[in-house]
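Just below is one structure, and these are the notes that go with it.
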Amino acid sequence: MIFKPTPLGPVHLDPSELAADKKNCRHFGPCGVGEKALYLNSFYFDRRYYLPYGSITRVFKRVAMSKGGFSKRGVFASIPYLVVEYDGGKQKQCNFKYEEQVDQLLACLEKTHPEIKLVSADVEKRLAERQRKLAAQKKPDISSQARKNIQSLQDAAGYLDKKPELALELSQSARRKRAYLCSNPSYRWAALAITLMGVAALVYGVYLFTQHRGFAVYFTLFGLAAIFMFSGASILPTARNNRAAIMDRARKAQQAMEGYISFYHDFPLPARYAHPIVLKRMQRAIEDGRAIWPSDALEVVKQDLKALNSSVEVDQEEYDEVVAIKALFLNENYQ
């Protein structure tokens, strides 16, 4: 290995074992999931550190919002982090460029290491309190048929949970498609113009440097080049960031889900909406007496999602659910 990973805790892996594990680990952005250890990035280098799974107590996502960030009224620019708790409370925070990579890593850990908690201690307490309040609420009396339908929805959700990566990809590809469809095409042309300005500034700065002109001039030009290029390149069309690739990804995600649920007799949702959160919200609709049959419960879910917009305030858990599934319905125009 050119850069041998450094252990964050007192537990070390054998050098030969470490080399093989890092080589074969699954990459998720700057981090990696191996058979023996979790590999974490430093500010400059990917997979620079490692932690054997026995040292890890929690791994969870943290999102830092931009100024005016999380107001519970919409989605704002954000910076995703992966936080790892180990050795009795120590934390290592890893920055990611794409939030979906954090979600994919957590989904992989949920499947391969179910003993590791995937939420923070505060979120765990909040979820337990929410469950306690929900359990204490008096539910309306529902028919035996409604209870059977709730059980069938639970079974369907359990089936999806066996392959969480399918629902995750369905959600992420739908969100990416929605963001692309809602973006103004003129922004991409502006990004291209800015990037070309950055390239021109960089070339001219090199020229001035070779001519031994004033330091301030080419320093400024180099700085402008970096600013222009980094600000413009993030929304330029690339192999992964273009209409054909984005639409193809969403189509393949639906096809993969359709193939999976085809083995489940009478699945209660079409592939385009086959997500555990949708099924859970349908269960709640029946439990609250707002529907009896799954088809009616799906319509209730659609109406609830339509009613949620940037002016409606929700709690954190509701916000996370809506972010995960609303793009699925918006892309299909709630059909």
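Every chain in the structure tokens has a letter given in the order shown (A, B, ...), and although residue numbers restart at 1 in each chain, ligands are simply numbered from 1 in the order shown.
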* If you run DSSP on this backbone, which residues of segment 53-178 of chain A come out as strand (DSSP E), and could you give them as a ChimeraX atom specification? -> /A:56-65,78-86,90-95
* **Neighbour list for Tyr81 of chain A as a PyMOL selection string, cut-off 7 Å, only C-alpha atoms, skip fewer than 2 positions in-chain** => chain A and resi 61-63+79+83+93-96
* **Closest of A:Glu124, A:Glu332, A:Glu287, A:Glu321 to Ala250 of chain A - atom-to-atom distances counting only C-alpha atoms** =>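 Of A:Glu124, A:Glu332, A:Glu287, A:Glu321, the one nearest Ala250 of chain A, counting only C-alpha atoms, is A:Glu332.
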* Tell me, in Å to one decimal, how far atom CA of Glu299 of chain A is from atom CA of Met257 of chain A. =>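 We find that atom CA of Glu299 of chain A and atom CA of Met257 of chain A lie 21.0 Å from each other.
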* Identify which of the residues A:Ile142, A:Leu134, A:Ile325, A:Leu298 lies closest to Ala167 of chain A, counting only C-alpha atoms when measuring atom-to-atom distances. =>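 Ranked by minimum distance to Ala167 of chain A, first place goes to A:Ile325.
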* **Polymer residues at most 12 Å from Asn331 of chain A, only C-alpha atoms, same-chain spacing of 5 or more positions, as number ranges by chain** => A: 170-171, 173-182, 247, 250-251, 272-273, 325-326
* Which residues, written as a count of residues only, have at least one atom at most 10 Å from Ala156 of chain A, with only C-alpha atoms counted and residues fewer than 3 positions away on the same chain left out? -> 19
* Asked: Looking at only C-alpha atoms, which of A:Val102, A:Leu109, A:Ile292, A:Leu8 is the one that sits closest to Ser42 of chain A?
  ->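 Looking only at the distances to Ser42 of chain A, the closest residue turns out to be A:Leu8.
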* To do: Extract, using only C-alpha atoms, all DNA, RNA and protein residues at most 10 Å from Asp141 of chain A, discarding same-chain residues fewer than 3 positions from it, and format them as a ChimeraX atom specification.
  => /A:138,144,146,287-289
Please dump the current selection as a compact mmCIF listing (two decimals), in the first residue's frame; keep all heavy atoms.
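Ended up saving to result_21.txt:
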# COMPACT_ATOMS: atom_id res chain seq x y z
N LYS A 138 -54.79 7.29 21.67
CA LYS A 138 -55.93 6.39 21.51
C LYS A 138 -56.27 6.26 20.03
O LYS A 138 -56.54 7.24 19.35
CB LYS A 138 -57.14 6.92 22.27
CG LYS A 138 -58.32 5.96 22.26
CD LYS A 138 -59.47 6.48 23.10
CE LYS A 138 -60.64 5.49 23.07
NZ LYS A 138 -61.79 5.99 23.89
N SER A 144 -61.63 -5.96 11.42
CA SER A 144 -60.68 -7.07 11.29
C SER A 144 -60.03 -7.05 9.91
O SER A 144 -58.85 -7.39 9.77
CB SER A 144 -61.40 -8.40 11.51
OG SER A 144 -62.45 -8.57 10.57
N ALA A 146 -59.32 -4.34 8.20
CA ALA A 146 -58.30 -3.30 8.26
C ALA A 146 -57.03 -3.81 8.94
O ALA A 146 -55.92 -3.52 8.49
CB ALA A 146 -58.83 -2.07 8.99
N GLU A 287 -54.46 2.65 10.39
CA GLU A 287 -54.54 2.67 11.86
C GLU A 287 -55.34 3.86 12.37
O GLU A 287 -56.05 3.76 13.38
CB GLU A 287 -53.14 2.69 12.46
CG GLU A 287 -52.37 1.38 12.31
CD GLU A 287 -50.92 1.51 12.73
OE1 GLU A 287 -50.45 2.66 12.92
OE2 GLU A 287 -50.24 0.48 12.85
N ASP A 288 -55.21 4.99 11.69
CA ASP A 288 -55.93 6.20 12.10
C ASP A 288 -57.37 6.24 11.60
O ASP A 288 -58.09 7.23 11.81
CB ASP A 288 -55.20 7.45 11.57
CG ASP A 288 -53.83 7.63 12.22
OD1 ASP A 288 -53.63 7.06 13.32
OD2 ASP A 288 -52.98 8.31 11.64
N GLY A 289 -57.79 5.18 10.93
CA GLY A 289 -59.17 5.12 10.45
C GLY A 289 -59.44 5.93 9.22
O GLY A 289 -60.61 6.19 8.88
* To do: Give the answer as one residue: which of A:Pro80, A:Pro270, A:Gly29, A:Gly88 has the shortest atom-to-atom distance to Ile56 of chain A, using only C-alpha atoms?
  =>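 Distance minimum relative to Ile56 of chain A lands on A:Gly88.
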* For Val300 of chain A, work out the shell of residues within 9 Å, counting only C-alpha atoms and skipping chain neighbours fewer than 6 positions away, then give it as a ChimeraX atom specification. => /A:281-282,285,290-291
Okay, now the selection with C-alpha atoms, as a PDB file, in the first residue's frame?
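Contents of again29.pdb, freshly written:
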ATOM      1  CA  ARG A 281     -47.403   5.792   5.976  1.00  0.00           C
ATOM      2  CA  MET A 282     -50.126   3.622   4.429  1.00  0.00           C
ATOM      3  CA  ALA A 285     -53.484   5.853   7.447  1.00  0.00           C
ATOM      4  CA  ARG A 290     -58.600   7.174   7.311  1.00  0.00           C
ATOM      5  CA  ALA A 291     -58.654   4.145   5.019  1.00  0.00           C
TER       6      ALA A 291
END
* To do: Write out as a ChimeraX atom specification the residues lying within 10 Å of Ala20 of chain A, counting only C-alpha atoms and excluding same-chain residues fewer than 3 positions away.
  => /A:1,15-17,23-25,34-36
* To do: Return the single residue from A:Lys4, A:Arg132, A:Lys163, A:Lys125 that is closest to Thr112 of chain A, with distances computed using only C-alpha atoms.
  =>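 Residue with the minimum atom-to-atom distance to Thr112 of chain A: A:Lys163.
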* To do: Using DSSP on the backbone, list every residue of segment 90-301 of chain A that comes out as alpha helix (DSSP H), and give them as number ranges by chain.
  => A: 99-112, 121-136, 144-161, 164-182, 185-210, 215-233, 243-261, 276-287, 294-301
* atom CA of Pro164 of chain A and atom CA of Cys31 of chain A are how many Å apart? ->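 Separation of atom CA of Pro164 of chain A and atom CA of Cys31 of chain A: 19.7 Å.
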* Quick one, how far is atom CA of Pro114 of chain A from atom CA of Glu100 of chain A? -> 19.9 Å
